[in-house]
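One structure below.
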Amino acid sequence: MTRASRIIASIVAVVLLGGAAAAFAVVWRPAIAAVEPPAPQAFDAALVKRGRELAAIGNCNNCHTAGGGRNFAGGLPVPTPFGTIFSSNITPDPETGIGRWSEAAFQRAMRSGVDREGRHLYPTFPYDHFTNVSDEDDRALYAFLMTRQPVRAPARENQLSFPFNQRLAIAGWKLLFLRHGTYQPDPKQSAEWNRGAYLVEGLAHCGACHTPRNALGAERNSAQFSGGDVDNWHAYALNDQSHAPVPWDADALFAYLRDGWHRDHGTARGPMAEVVENLSSVPSSDVRAIAVYMAGISGAPTPDRKRQDEATLEANASDKASSASQSNAAGASIYAAACASCHASGRPLPYGGINLALSTAIASPDPRNLANIVLSGVQAVEGESSPIMPGFAASMTDTQVSALLSYLRARFSNQPAWSGVDKIVQDARRARTASLLTSPAPRNVSADPQQREKP
Amino acid sequence: MMTLKVNGREHQVDADPDTPLLYVLRDDIKLNAAKFGCGLGQCGACTVIVDGKAVLSCVTPMILLEGKQVTTLEGLGTIAEPAPIQRAFMEEQAAQCGYCIAGMMMRAQALLQRNSKPTDEQIRAELEPHLCRCGTHMRILRAVRRAARLMDTAEASPAAKGSIQ
């Protein structure tokens, strides 16, 4: 070997070693030593209670509880474009849950998406948001989870194809998309706005559904809150691209998040119903803060815009009704017998139907949510005054549902007709049938008010 | 004029396409088992079976019934020979005022036709859209369980199953 080739060889060796070391540094995370599961009485009751409220804001139970399964025991299949990922058991079971996790291990999972053993976690667990959660709040969440009933429930195997089944790939994903750092308050804004921003961008992870994702499944920061997809529902745009016929303001958002419906907008359905159910058990000051921050995101409506929208709603209502009926007689007949008895009755909400001209589902560019609501209806929440609507899956064929949807769009919105409604209705019925098969438990069971004050 | 198939018979009905099925059943065909409760699809009293599925007839326009088979409580059994679901409700004394019972029986019948051994949880979930203001809920649940047993035993001949023609 010549001197030159020896030098080249050693440079190559150094580069390879350096590359390997860098890759190792990116990928490898040490295990954090297992601890003896702490006794529930080791935690302060007030801290546990705070943790309960935070867990409700974080919506932890919805992903970490399978249909008909025990609370926080995991096993819920989460469909993604890359395959199905099953949520994990976050009860303090020592073998199958997080019973042997120290607080440091819990905090590392929240901040960096790494489990106690050092394995990278899939970003279906939204640590890209949870990295903003404060030390103090992580401590309360840990105290809450470690005082739950331990449930023995082994993890289910994820169903992912290569290369997504390689946890090494997650390290690369984090390098590209995970920005560490806790929330930094904006001194120009009010304390309430900052509280809302901290919750929305962090624990509440609103953007996980309401922000569209890129090809690698990361939220597109440039399109924050411009609408996303979840579980065959469309999560509406919350920014200035919102299709709400009447613009949102902080009061409307607060009422909607508190009650699950608002007369100028509609009813929280699908995954959003679960969010609202959780928010019913948290202090109203936090819900108010979320509303104040989100109202800023959607842009405060000027009085002019409000007047304009109201004028648009009233204009031509009867013209639209007759032209829609002429072009779609079937849809008009179905509407008259199945919908108008509530939606045109003027009965007060929540028992009467909302004014369909104000429905975001009808004004939205995606008819999926409307299809879901027509097929499944809105079940009343046990023990609360809540909206109620029968589902029509048993009485209408897909073609009939499509005719109804097209009629509603033509009559109650100023938007162009939807295309591909038939296919969307078919998909909605298929998704509905599948979800009925996998979740035997009744949905929308309200938060137990007895539990709200308990640690 | 449209043709409506009810309990195995064809009826010529003069009704608009947006007329609710319940009005046609009660006013035109004079079948009064299905009841008008709320008229909004919120109480379940008007429930009938259409092609094997429980349907709220007060919010089901005639246009949706073309080519379909409607079954009302009158189509399940007679006073002399009640269907198992009717016998079960009588034997458990599940009716107090009885206004909700026809709808309850129709949805229970539809359930038992597709699932002959439902669990208590499934029965409760299925009957969830039905209101009973008297409070005979526990008897209604017992009656549905009894009906499941009656339909299952040999004594209930296929004809007596209350199966739909």
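Naming works like this for the structure tokens: A, B, ... for the chains as they're shown, residue 1 at the start of each chain, ligands 1 onward in shown order.
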For this session: Can you check which residues of chain B have any atom within 9 Å of chain A? Use only C-alpha atoms and format it as a PyMOL selection string.
Result: chain B and resi 16-20+39-42+50+53-56+58-65+121-122+125+129
Export of the given selection (N, CA, C and O atoms) as a short mmCIF file (atom, residue, chain, number, x, y, z; two decimals), in the first residue's frame:
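Listing of result_33.cif after writing:
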```
data_model
loop_
_atom_site.label_atom_id
_atom_site.label_comp_id
_atom_site.auth_asym_id
_atom_site.auth_seq_id
_atom_site.Cartn_x
_atom_site.Cartn_y
_atom_site.Cartn_z
N ASP B 16 -97.70 11.39 -0.79
CA ASP B 16 -96.54 12.09 -1.34
C ASP B 16 -95.26 11.36 -0.93
O ASP B 16 -95.23 10.71 0.11
N PRO B 17 -94.19 11.53 -1.73
CA PRO B 17 -92.94 10.84 -1.40
C PRO B 17 -92.34 11.28 -0.06
O PRO B 17 -91.56 10.55 0.54
N ASP B 18 -92.72 12.49 0.42
CA ASP B 18 -92.15 12.92 1.69
C ASP B 18 -93.08 12.66 2.88
O ASP B 18 -92.85 13.14 3.98
N THR B 19 -94.14 11.86 2.66
CA THR B 19 -95.01 11.50 3.79
C THR B 19 -94.31 10.47 4.67
O THR B 19 -93.81 9.47 4.17
N PRO B 20 -94.29 10.70 5.98
CA PRO B 20 -93.67 9.68 6.84
C PRO B 20 -94.46 8.37 6.81
O PRO B 20 -95.69 8.37 6.79
N GLY B 39 -92.51 12.24 17.11
CA GLY B 39 -92.47 12.70 15.72
C GLY B 39 -91.11 13.19 15.27
O GLY B 39 -90.95 13.76 14.20
N LEU B 40 -90.09 12.95 16.09
CA LEU B 40 -88.74 13.47 15.80
C LEU B 40 -87.68 12.37 15.79
O LEU B 40 -86.50 12.65 15.72
N GLY B 41 -88.11 11.13 15.91
CA GLY B 41 -87.14 10.04 15.95
C GLY B 41 -86.34 9.99 17.23
O GLY B 41 -85.21 9.54 17.26
N GLN B 42 -86.93 10.48 18.32
CA GLN B 42 -86.18 10.53 19.57
C GLN B 42 -86.73 9.62 20.66
O GLN B 42 -86.13 9.53 21.74
N VAL B 50 -88.02 -2.76 8.65
CA VAL B 50 -87.96 -2.64 7.19
C VAL B 50 -86.78 -3.49 6.71
O VAL B 50 -85.64 -3.24 7.11
N LYS B 53 -84.45 -4.61 9.40
CA LYS B 53 -83.82 -3.64 10.28
C LYS B 53 -84.86 -2.77 10.98
O LYS B 53 -85.86 -2.39 10.36
N ALA B 54 -84.59 -2.45 12.25
CA ALA B 54 -85.49 -1.57 12.99
C ALA B 54 -85.34 -0.16 12.48
O ALA B 54 -84.23 0.34 12.34
N VAL B 55 -86.48 0.48 12.18
CA VAL B 55 -86.48 1.80 11.56
C VAL B 55 -87.52 2.67 12.27
O VAL B 55 -88.57 2.18 12.67
N LEU B 56 -87.20 3.95 12.44
CA LEU B 56 -88.13 4.88 13.08
C LEU B 56 -89.09 5.39 12.01
O LEU B 56 -88.72 6.21 11.16
N CYS B 58 -91.55 7.42 11.96
CA CYS B 58 -92.00 8.82 11.91
C CYS B 58 -91.04 9.71 11.14
O CYS B 58 -91.40 10.81 10.73
N VAL B 59 -89.77 9.28 10.98
CA VAL B 59 -88.81 10.07 10.20
C VAL B 59 -88.35 9.30 8.97
O VAL B 59 -87.25 9.52 8.47
N THR B 60 -89.20 8.38 8.49
CA THR B 60 -88.86 7.61 7.29
C THR B 60 -89.86 7.95 6.19
O THR B 60 -91.00 7.51 6.23
N PRO B 61 -89.44 8.79 5.23
CA PRO B 61 -90.38 9.16 4.17
C PRO B 61 -90.67 7.97 3.23
O PRO B 61 -89.85 7.07 3.08
N MET B 62 -91.87 8.02 2.60
CA MET B 62 -92.30 6.93 1.71
C MET B 62 -91.29 6.67 0.59
O MET B 62 -91.14 5.55 0.14
N ILE B 63 -90.59 7.71 0.16
CA ILE B 63 -89.65 7.54 -0.96
C ILE B 63 -88.57 6.51 -0.64
O ILE B 63 -87.99 5.91 -1.54
N LEU B 64 -88.31 6.29 0.65
CA LEU B 64 -87.25 5.33 1.02
C LEU B 64 -87.75 3.89 1.02
O LEU B 64 -86.97 2.98 1.29
N LEU B 65 -89.05 3.66 0.75
CA LEU B 65 -89.61 2.32 0.97
C LEU B 65 -89.90 1.56 -0.30
O LEU B 65 -90.43 0.45 -0.25
N GLU B 121 -75.74 -6.68 27.82
CA GLU B 121 -75.16 -5.42 27.36
C GLU B 121 -75.64 -5.08 25.95
O GLU B 121 -75.96 -3.93 25.65
N GLN B 122 -75.70 -6.12 25.10
CA GLN B 122 -76.15 -5.89 23.73
C GLN B 122 -77.63 -5.48 23.69
O GLN B 122 -78.03 -4.62 22.92
N ALA B 125 -77.84 -1.87 24.85
CA ALA B 125 -77.33 -0.94 23.84
C ALA B 125 -78.34 -0.81 22.70
O ALA B 125 -78.58 0.28 22.19
N PRO B 129 -82.26 3.67 22.10
CA PRO B 129 -83.05 4.78 21.54
C PRO B 129 -84.51 4.80 21.99
O PRO B 129 -85.25 5.67 21.56
#
```
For this session: Please run DSSP on the backbone and report, as a PyMOL selection string, all residues within segment 206-431 of chain A that come out as helix (DSSP H, G or I).
Result: chain A and resi 207-210+221-223+250-259+271-279+284-298+303-314+317-327+329-343+356-358+360-363+368-376+398-412+421-431
Can you spit out the residues from that selection as a short mmCIF file (atom, residue, chain, number, x, y, z; two decimals), in the first residue's frame, using C-alpha atoms?
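Dumped to out06.cif:
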```cif
data_model
loop_
_atom_site.label_atom_id
_atom_site.label_comp_id
_atom_site.auth_asym_id
_atom_site.auth_seq_id
_atom_site.Cartn_x
_atom_site.Cartn_y
_atom_site.Cartn_z
CA GLY A 207 -52.75 20.34 15.97
CA ALA A 208 -52.33 16.55 15.99
CA CYS A 209 -55.76 16.37 14.31
CA HIS A 210 -56.39 19.91 13.04
CA ASN A 221 -45.95 23.80 10.38
CA SER A 222 -46.59 26.08 7.42
CA ALA A 223 -50.23 24.96 7.38
CA ALA A 250 -63.76 33.12 22.19
CA ASP A 251 -67.24 32.93 23.75
CA ALA A 252 -68.53 30.56 21.09
CA LEU A 253 -65.39 28.39 21.37
CA PHE A 254 -65.71 28.27 25.15
CA ALA A 255 -69.37 27.24 25.01
CA TYR A 256 -68.65 24.63 22.31
CA LEU A 257 -65.73 23.11 24.19
CA ARG A 258 -67.75 23.10 27.41
CA ASP A 259 -71.09 21.79 26.11
CA PRO A 271 -63.16 12.15 18.07
CA MET A 272 -64.09 15.74 19.00
CA ALA A 273 -66.98 14.44 21.13
CA GLU A 274 -64.40 12.54 23.17
CA VAL A 275 -62.30 15.67 23.57
CA VAL A 276 -65.31 17.64 24.80
CA GLU A 277 -66.27 14.87 27.17
CA ASN A 278 -62.81 15.09 28.72
CA LEU A 279 -62.89 18.88 28.86
CA SER A 284 -63.36 26.27 33.28
CA SER A 285 -60.42 28.70 33.48
CA ASP A 286 -58.31 26.29 31.40
CA VAL A 287 -61.08 25.77 28.84
CA ARG A 288 -61.54 29.55 28.66
CA ALA A 289 -57.78 29.98 28.09
CA ILE A 290 -57.85 27.45 25.23
CA ALA A 291 -60.81 29.31 23.70
CA VAL A 292 -59.06 32.68 23.98
CA TYR A 293 -55.91 31.39 22.30
CA MET A 294 -57.80 29.56 19.53
CA ALA A 295 -59.95 32.62 18.85
CA GLY A 296 -56.69 34.43 18.09
CA ILE A 297 -55.71 31.62 15.71
CA SER A 298 -58.96 31.84 13.78
CA PRO A 303 -68.19 43.48 13.07
CA ASP A 304 -68.37 43.96 9.30
CA ARG A 305 -67.55 40.34 8.54
CA LYS A 306 -70.17 39.23 11.08
CA ARG A 307 -72.85 41.41 9.48
CA GLN A 308 -71.84 40.24 6.03
CA ASP A 309 -72.15 36.60 7.00
CA GLU A 310 -75.55 37.13 8.55
CA ALA A 311 -76.70 38.93 5.44
CA THR A 312 -75.46 36.08 3.23
CA LEU A 313 -77.32 33.59 5.36
CA GLU A 314 -80.62 35.37 4.99
CA ALA A 317 -82.83 31.33 1.35
CA SER A 318 -86.18 30.67 -0.33
CA ASP A 319 -84.72 30.84 -3.85
CA LYS A 320 -82.12 28.27 -2.92
CA ALA A 321 -84.77 26.03 -1.37
CA SER A 322 -86.87 25.92 -4.53
CA SER A 323 -83.96 25.48 -6.94
CA ALA A 324 -82.42 22.75 -4.79
CA SER A 325 -85.79 20.95 -4.64
CA GLN A 326 -86.28 21.15 -8.38
CA SER A 327 -82.90 19.68 -9.19
CA ALA A 329 -86.51 15.88 -5.71
CA ALA A 330 -85.39 12.74 -3.84
CA GLY A 331 -83.09 14.72 -1.56
CA ALA A 332 -85.85 17.26 -0.95
CA SER A 333 -88.38 14.57 0.05
CA ILE A 334 -85.93 12.91 2.42
CA TYR A 335 -85.05 16.27 3.94
CA ALA A 336 -88.70 17.18 4.46
CA ALA A 337 -89.60 14.01 6.38
CA ALA A 338 -86.32 13.03 8.04
CA CYS A 339 -84.61 16.35 8.83
CA ALA A 340 -86.97 19.32 8.77
CA SER A 341 -89.10 18.13 11.69
CA CYS A 342 -86.20 19.04 13.99
CA HIS A 343 -83.92 21.29 11.97
CA LEU A 356 -78.39 23.91 8.87
CA ALA A 357 -77.37 27.14 7.15
CA LEU A 358 -74.91 27.58 10.04
CA THR A 360 -69.80 23.78 9.32
CA ALA A 361 -70.33 20.16 8.21
CA ILE A 362 -72.44 21.37 5.26
CA ALA A 363 -70.16 24.33 4.43
CA ARG A 368 -67.33 12.99 5.36
CA ASN A 369 -68.49 14.41 8.66
CA LEU A 370 -71.99 15.04 7.37
CA ALA A 371 -72.13 11.46 6.03
CA ASN A 372 -71.02 10.13 9.41
CA ILE A 373 -73.66 12.17 11.26
CA VAL A 374 -76.52 11.21 8.92
CA LEU A 375 -75.62 7.51 9.17
CA SER A 376 -74.93 7.29 12.91
CA ASP A 398 -75.95 4.90 0.12
CA THR A 399 -77.55 6.45 -2.95
CA GLN A 400 -80.32 7.98 -0.85
CA VAL A 401 -77.84 9.37 1.69
CA SER A 402 -75.83 10.85 -1.20
CA ALA A 403 -78.96 12.50 -2.62
CA LEU A 404 -79.72 13.99 0.79
CA LEU A 405 -76.16 15.28 1.26
CA SER A 406 -76.12 16.93 -2.16
CA TYR A 407 -79.48 18.54 -1.44
CA LEU A 408 -78.30 19.92 1.91
CA ARG A 409 -75.19 21.33 0.28
CA ALA A 410 -77.15 23.04 -2.49
CA ARG A 411 -79.82 24.40 -0.20
CA PHE A 412 -77.86 25.41 2.89
CA VAL A 421 -70.25 11.99 -2.58
CA ASP A 422 -71.30 8.36 -3.36
CA LYS A 423 -67.84 7.00 -2.63
CA ILE A 424 -67.54 9.00 0.59
CA VAL A 425 -70.90 7.71 1.82
CA GLN A 426 -69.86 4.12 1.05
CA ASP A 427 -66.60 4.61 2.93
CA ALA A 428 -68.42 6.20 5.85
CA ARG A 429 -70.79 3.23 6.09
CA ARG A 430 -67.90 0.77 5.90
CA ALA A 431 -65.96 2.63 8.61
#
```
For this session: Do a neighbour search on Ile85 of chain B at 9 Å with only C-alpha atoms, toss out local chain neighbours closer than 2 positions, and write the hits as a list in words.
Result: Leu76, Pro82, Ala83, Arg87, Ala88, Phe89, Met90, Met105, Met106, Ala108, Gln109, Ala143, Val144, Arg146, Ala147, Ala148, Leu150, Met151, Lys161 and Gly162 of chain B
For this session: Pick out each residue of segment 37-225 of chain A that DSSP on the backbone tags as strand (DSSP E or B); I need them as a list in words.
Result: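 Matching residues, listed in order: Thr65, Gly74, Pro77, Val78, Pro79, Thr80, Gly83, Thr84, Ile85, Phe86, Val114, His120, Gln159, Leu160, Arg213 and Glu219 of chain A.
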Excluding Thr124 of chain A and residues on its chain fewer than 5 positions from it, collect all residues at most 9 Å away from it, counting only C-alpha atoms, and give them as a PDB file with N, CA and C atoms, in the first residue's frame.
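As a result, around-v4.pdb now contains:
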```pdb
ATOM      1  N   VAL A  78     -54.520   2.231  16.086  1.00  0.00           N
ATOM      2  CA  VAL A  78     -54.523   3.566  15.482  1.00  0.00           C
ATOM      3  C   VAL A  78     -54.075   3.415  14.034  1.00  0.00           C
ATOM      4  N   THR A  80     -52.682   4.378  10.538  1.00  0.00           N
ATOM      5  CA  THR A  80     -51.872   5.455   9.974  1.00  0.00           C
ATOM      6  C   THR A  80     -51.583   5.082   8.521  1.00  0.00           C
ATOM      7  N   ILE A  85     -50.787   1.055  14.385  1.00  0.00           N
ATOM      8  CA  ILE A  85     -49.996   1.107  15.610  1.00  0.00           C
ATOM      9  C   ILE A  85     -50.956   0.954  16.778  1.00  0.00           C
ATOM     10  N   SER A  87     -51.903   1.370  20.765  1.00  0.00           N
ATOM     11  CA  SER A  87     -51.509   2.198  21.899  1.00  0.00           C
ATOM     12  C   SER A  87     -51.014   1.305  23.035  1.00  0.00           C
ATOM     13  N   ALA A 208     -52.518  17.946  16.412  1.00  0.00           N
ATOM     14  CA  ALA A 208     -52.332  16.554  15.988  1.00  0.00           C
ATOM     15  C   ALA A 208     -53.454  16.118  15.052  1.00  0.00           C
ATOM     16  N   GLY A 217     -45.714  11.903   7.818  1.00  0.00           N
ATOM     17  CA  GLY A 217     -46.581  11.874   8.984  1.00  0.00           C
ATOM     18  C   GLY A 217     -46.310  12.951  10.013  1.00  0.00           C
TER      19      GLY A 217
END
```
For this session: Work out how far atom CA of Asp231 of chain A is from atom CA of Gly68 of chain A, in Å to one decimal.
Result: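 A separation of 17.6 Å between them.
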For this session: May I have the residues within 9 Å of Asp51 of chain B as number ranges by chain, using only C-alpha atoms and disregarding those fewer than 3 positions away in the same chain?
Result: B: 54, 68-71
Exercise. What gap, in Å, lies between atom CA of His137 of chain B and atom CA of Arg269 of chain A?
Worked result: 28.5 Å
Exercise. Which of these, A:Asp137, A:Asp366, A:Glu192, A:Glu117, has the shortest distance to Ala31 of chain A once you count only C-alpha atoms?
Worked result: A:Glu117
Problem set entry | Residues near His205 of chain A, cut-off 6 Å, only C-alpha atoms, skip fewer than 4 positions along chain, as a PyMOL selection string | chain A and resi 129+200-201
All residues 9 Å or closer to Asn132 of chain A, only C-alpha atoms, same chain fewer than 3 positions away omitted, as an mmCIF file with all heavy atoms, in the first residue's frame:
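The resulting selection.cif:
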```cif
data_model
loop_
_atom_site.group_PDB
_atom_site.id
_atom_site.type_symbol
_atom_site.label_atom_id
_atom_site.label_comp_id
_atom_site.auth_asym_id
_atom_site.auth_seq_id
_atom_site.Cartn_x
_atom_site.Cartn_y
_atom_site.Cartn_z
ATOM 1 N N MET A 110 -42.257 11.692 27.575
ATOM 2 C CA MET A 110 -43.058 12.860 27.196
ATOM 3 C C MET A 110 -42.243 13.846 26.358
ATOM 4 O O MET A 110 -42.744 14.426 25.391
ATOM 5 C CB MET A 110 -43.564 13.578 28.456
ATOM 6 C CG MET A 110 -44.595 12.812 29.251
ATOM 7 S SD MET A 110 -46.215 12.732 28.447
ATOM 8 C CE MET A 110 -46.846 14.390 28.747
ATOM 9 N N ARG A 111 -40.975 14.032 26.720
ATOM 10 C CA ARG A 111 -40.161 15.059 26.056
ATOM 11 C C ARG A 111 -39.545 14.572 24.753
ATOM 12 O O ARG A 111 -39.426 15.315 23.794
ATOM 13 C CB ARG A 111 -39.002 15.476 26.978
ATOM 14 C CG ARG A 111 -39.416 16.200 28.221
ATOM 15 C CD ARG A 111 -39.522 17.701 27.975
ATOM 16 N NE ARG A 111 -40.331 18.340 29.005
ATOM 17 C CZ ARG A 111 -39.868 18.698 30.200
ATOM 18 N NH1 ARG A 111 -38.595 18.524 30.500
ATOM 19 N NH2 ARG A 111 -40.675 19.247 31.078
ATOM 20 N N TYR A 127 -45.438 13.277 21.150
ATOM 21 C CA TYR A 127 -44.388 13.934 21.950
ATOM 22 C C TYR A 127 -43.863 15.187 21.275
ATOM 23 O O TYR A 127 -43.215 15.999 21.908
ATOM 24 C CB TYR A 127 -43.240 12.971 22.299
ATOM 25 C CG TYR A 127 -42.743 12.127 21.154
ATOM 26 C CD1 TYR A 127 -41.875 12.641 20.206
ATOM 27 C CD2 TYR A 127 -43.123 10.792 21.052
ATOM 28 C CE1 TYR A 127 -41.411 11.857 19.157
ATOM 29 C CE2 TYR A 127 -42.664 9.996 20.006
ATOM 30 C CZ TYR A 127 -41.819 10.530 19.057
ATOM 31 O OH TYR A 127 -41.374 9.767 18.027
ATOM 32 N N ASP A 128 -44.166 15.350 19.971
ATOM 33 C CA ASP A 128 -43.788 16.619 19.340
ATOM 34 C C ASP A 128 -44.555 17.779 19.993
ATOM 35 O O ASP A 128 -44.113 18.924 19.941
ATOM 36 C CB ASP A 128 -44.013 16.580 17.817
ATOM 37 C CG ASP A 128 -45.372 16.051 17.431
ATOM 38 O OD1 ASP A 128 -46.036 15.402 18.263
ATOM 39 O OD2 ASP A 128 -45.797 16.281 16.277
ATOM 40 N N HIS A 129 -45.718 17.468 20.617
ATOM 41 C CA HIS A 129 -46.417 18.481 21.416
ATOM 42 C C HIS A 129 -46.027 18.385 22.891
ATOM 43 O O HIS A 129 -45.817 19.392 23.555
ATOM 44 C CB HIS A 129 -47.935 18.300 21.302
ATOM 45 C CG HIS A 129 -48.464 18.665 19.957
ATOM 46 N ND1 HIS A 129 -48.771 19.947 19.601
ATOM 47 C CD2 HIS A 129 -48.707 17.901 18.854
ATOM 48 C CE1 HIS A 129 -49.201 19.973 18.345
ATOM 49 N NE2 HIS A 129 -49.167 18.742 17.876
ATOM 50 N N HIS A 180 -37.202 20.170 20.382
ATOM 51 C CA HIS A 180 -37.294 20.152 21.839
ATOM 52 C C HIS A 180 -37.499 21.555 22.378
ATOM 53 O O HIS A 180 -37.181 22.530 21.723
ATOM 54 C CB HIS A 180 -36.017 19.558 22.443
ATOM 55 C CG HIS A 180 -35.884 18.101 22.154
ATOM 56 N ND1 HIS A 180 -36.546 17.136 22.861
ATOM 57 C CD2 HIS A 180 -35.175 17.453 21.199
ATOM 58 C CE1 HIS A 180 -36.240 15.956 22.373
ATOM 59 N NE2 HIS A 180 -35.416 16.119 21.357
ATOM 60 N N GLY A 181 -37.983 21.627 23.577
ATOM 61 C CA GLY A 181 -38.083 22.938 24.212
ATOM 62 C C GLY A 181 -39.439 23.137 24.831
ATOM 63 O O GLY A 181 -40.454 22.834 24.207
ATOM 64 N N THR A 182 -39.458 23.636 26.045
ATOM 65 C CA THR A 182 -40.731 23.889 26.699
ATOM 66 C C THR A 182 -41.293 25.214 26.189
ATOM 67 O O THR A 182 -40.583 26.032 25.614
ATOM 68 C CB THR A 182 -40.548 23.951 28.227
ATOM 69 O OG1 THR A 182 -39.409 24.745 28.505
ATOM 70 C CG2 THR A 182 -40.358 22.573 28.810
ATOM 71 N N TYR A 183 -42.574 25.403 26.409
ATOM 72 C CA TYR A 183 -43.268 26.575 25.886
ATOM 73 C C TYR A 183 -42.712 27.869 26.487
ATOM 74 O O TYR A 183 -42.558 27.983 27.695
ATOM 75 C CB TYR A 183 -44.763 26.463 26.164
ATOM 76 C CG TYR A 183 -45.490 27.710 25.759
ATOM 77 C CD1 TYR A 183 -45.676 28.000 24.414
ATOM 78 C CD2 TYR A 183 -45.935 28.614 26.709
ATOM 79 C CE1 TYR A 183 -46.297 29.163 24.024
ATOM 80 C CE2 TYR A 183 -46.572 29.783 26.331
ATOM 81 C CZ TYR A 183 -46.743 30.049 24.986
ATOM 82 O OH TYR A 183 -47.350 31.218 24.606
ATOM 83 N N GLN A 184 -42.408 28.817 25.616
ATOM 84 C CA GLN A 184 -41.921 30.119 26.071
ATOM 85 C C GLN A 184 -43.046 31.139 25.977
ATOM 86 O O GLN A 184 -43.561 31.384 24.886
ATOM 87 C CB GLN A 184 -40.740 30.585 25.191
ATOM 88 C CG GLN A 184 -39.528 29.692 25.243
ATOM 89 C CD GLN A 184 -38.985 29.493 26.650
ATOM 90 O OE1 GLN A 184 -38.943 30.436 27.451
ATOM 91 N NE2 GLN A 184 -38.598 28.272 26.984
ATOM 92 N N TYR A 198 -49.953 27.536 25.839
ATOM 93 C CA TYR A 198 -49.204 26.444 26.471
ATOM 94 C C TYR A 198 -49.994 25.132 26.375
ATOM 95 O O TYR A 198 -49.435 24.082 26.034
ATOM 96 C CB TYR A 198 -48.917 26.810 27.937
ATOM 97 C CG TYR A 198 -48.464 25.647 28.785
ATOM 98 C CD1 TYR A 198 -47.176 25.140 28.676
ATOM 99 C CD2 TYR A 198 -49.338 25.049 29.696
ATOM 100 C CE1 TYR A 198 -46.762 24.064 29.449
ATOM 101 C CE2 TYR A 198 -48.935 23.972 30.470
ATOM 102 C CZ TYR A 198 -47.653 23.476 30.349
ATOM 103 O OH TYR A 198 -47.246 22.396 31.101
ATOM 104 N N LEU A 199 -51.291 25.200 26.635
ATOM 105 C CA LEU A 199 -52.106 23.976 26.593
ATOM 106 C C LEU A 199 -52.325 23.489 25.164
ATOM 107 O O LEU A 199 -52.154 22.305 24.858
ATOM 108 C CB LEU A 199 -53.454 24.212 27.285
ATOM 109 C CG LEU A 199 -53.390 24.425 28.800
ATOM 110 C CD1 LEU A 199 -54.761 24.828 29.336
ATOM 111 C CD2 LEU A 199 -52.894 23.156 29.512
ATOM 112 N N GLU A 201 -50.683 24.117 22.285
ATOM 113 C CA GLU A 201 -49.487 23.665 21.567
ATOM 114 C C GLU A 201 -48.844 22.472 22.272
ATOM 115 O O GLU A 201 -48.110 21.702 21.658
ATOM 116 C CB GLU A 201 -48.458 24.803 21.461
ATOM 117 C CG GLU A 201 -48.977 26.071 20.786
ATOM 118 C CD GLU A 201 -49.405 25.848 19.345
ATOM 119 O OE1 GLU A 201 -49.041 24.818 18.754
ATOM 120 O OE2 GLU A 201 -50.137 26.715 18.816
ATOM 121 N N GLY A 202 -49.114 22.309 23.558
ATOM 122 C CA GLY A 202 -48.502 21.229 24.318
ATOM 123 C C GLY A 202 -49.460 20.090 24.578
ATOM 124 O O GLY A 202 -49.846 19.350 23.664
ATOM 125 N N LEU A 203 -49.884 19.983 25.835
ATOM 126 C CA LEU A 203 -50.621 18.807 26.281
ATOM 127 C C LEU A 203 -51.887 18.528 25.470
ATOM 128 O O LEU A 203 -52.196 17.382 25.154
ATOM 129 C CB LEU A 203 -50.951 18.983 27.769
ATOM 130 C CG LEU A 203 -51.417 17.744 28.515
ATOM 131 C CD1 LEU A 203 -50.387 16.625 28.419
ATOM 132 C CD2 LEU A 203 -51.673 18.084 29.978
#
```
For this session: Have a look at atom CA of Thr91 of chain A and atom CA of Gln149 of chain A and let me know their distance in Å, one decimal.
Result: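 So the two atoms, atom CA of Thr91 of chain A and atom CA of Gln149 of chain A, lie 6.6 Å apart.
Counting only C-alpha atoms and comparing A:Ala13, A:Ala143, A:Ala25, A:Arg6, the residue that lies closest to Val48 of chain A is A:Ala143.
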